[in-house]
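Reading through the structure tokens given below for one structure.
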Amino acid sequence: DAKTTQPNSMESNEEEPVHLPCNHSTISGTDYIHWYRQLPSQGPEYVIHGLTSNVNNRMASLAIAEDRKSSTLILHRATLRDAAVYYCILLSGNTPLVFGKGTRLSVIA
Amino acid sequence: NAGVTQTPKFRVLKTGQSMTLLCAQDMNHEYMYWYRQDPGMGLRLIHYSVGEGTTAKGEVPDGYNVSRLKKQNFLLGLESAAPSQTSVYFCASSYNTEAFFGQGTRLTVV
């Protein structure tokens, strides 16, 4: 199974951009890169996903390396509400949604 | 549009008792999942379903059973609860891309 590697924790100042890295060197051609986050005491929520091209939505941007072996989730202006655990997950076909340990993002006011 | 609804939200069980957790979704999603999350830990997949009438084991299936008789419902059963099953249980549904999660069921087994 393709796996991802993320830093255990990161810290950011409020209102500054945050770049959350994810390595997935064994990614297959059919794997989509998904990002979820879990705010304290809540269920996870979808953030963004992509295959090859960079993606933008109202929550974040996803930058995918040309060789697809890594990706970066970009929060353009971190707020206190963005403090959460961020998960990078590879999905294809009928593979189930399985969470790793993720990156715990702390936002400092 | 309720999304994903979990019932109950809280429950305390005695060791050996049985119970069923209900997950209901109104988005006509094919995929449904049950996870558990222990304090300070990540989510672990218990069982999942890729469509009505189908179920499959996840990472930690022992001690749990599931059923998906109707597309909109995914039931998680504990036949004989153990203290090790004290956890927060999350249900989710998806259709290929974005998954939606319920608010969780906090289960304590004493």
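In the structure tokens, chains take the letters A, B, ... in the order shown, each chain's residues start at 1, and ligands count up from 1 in the order shown.
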Residues of chain B within 12 Å of chain A, counting only C-alpha atoms, as number ranges by chain
B: 4-6, 30-51, 55-60, 88-106
Shell around segment 18-26 of chain B at 8 Å using only C-alpha atoms, local window under 3 positions removed, as a PyMOL selection string
chain B and resi 1-8+13+29+72-81+91+93+102
Considering only C-alpha atoms, can you say which of A:Leu90, A:Ala63, A:Ala78, A:Ala83 comes closest to Thr30 of chain A?
A:Leu90
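Taking atom CA of Thr54 of chain B and atom CA of Asn28 of chain B as the two end points, the separation is 15.2 Å.
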For atom CA of Ala109 of chain A and atom CA of Val18 of chain A, quote the distance in Å rounded to one decimal.
14.0 Å
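Reported to one decimal place, the separation of atom CA of Glu11 of chain A from atom CA of Lys69 of chain A is 23.8 Å.
Residue nearest Val109 of chain B within the list B:Thr15, B:Lys9, B:Met27, B:Asn65: B:Thr15 [criterion: smallest interatomic distance, only C-alpha atoms].
Of the residues under consideration (A:Ile89, A:Ile74, A:Leu20, A:Val107), A:Ile89 shows the shortest atom-to-atom contact distance to Leu51 of chain A when counting only C-alpha atoms.
Residue nearest Arg104 of chain A within the list A:His24, A:His19, A:Lys3, A:Arg37: A:Arg37 [criterion: smallest interatomic distance, only C-alpha atoms].
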Gly53 of chain B: which residues within 8 Å, counting only C-alpha atoms, same-chain residues fewer than 5 positions away excluded, as a PyMOL selection string?
chain B and resi 67-71
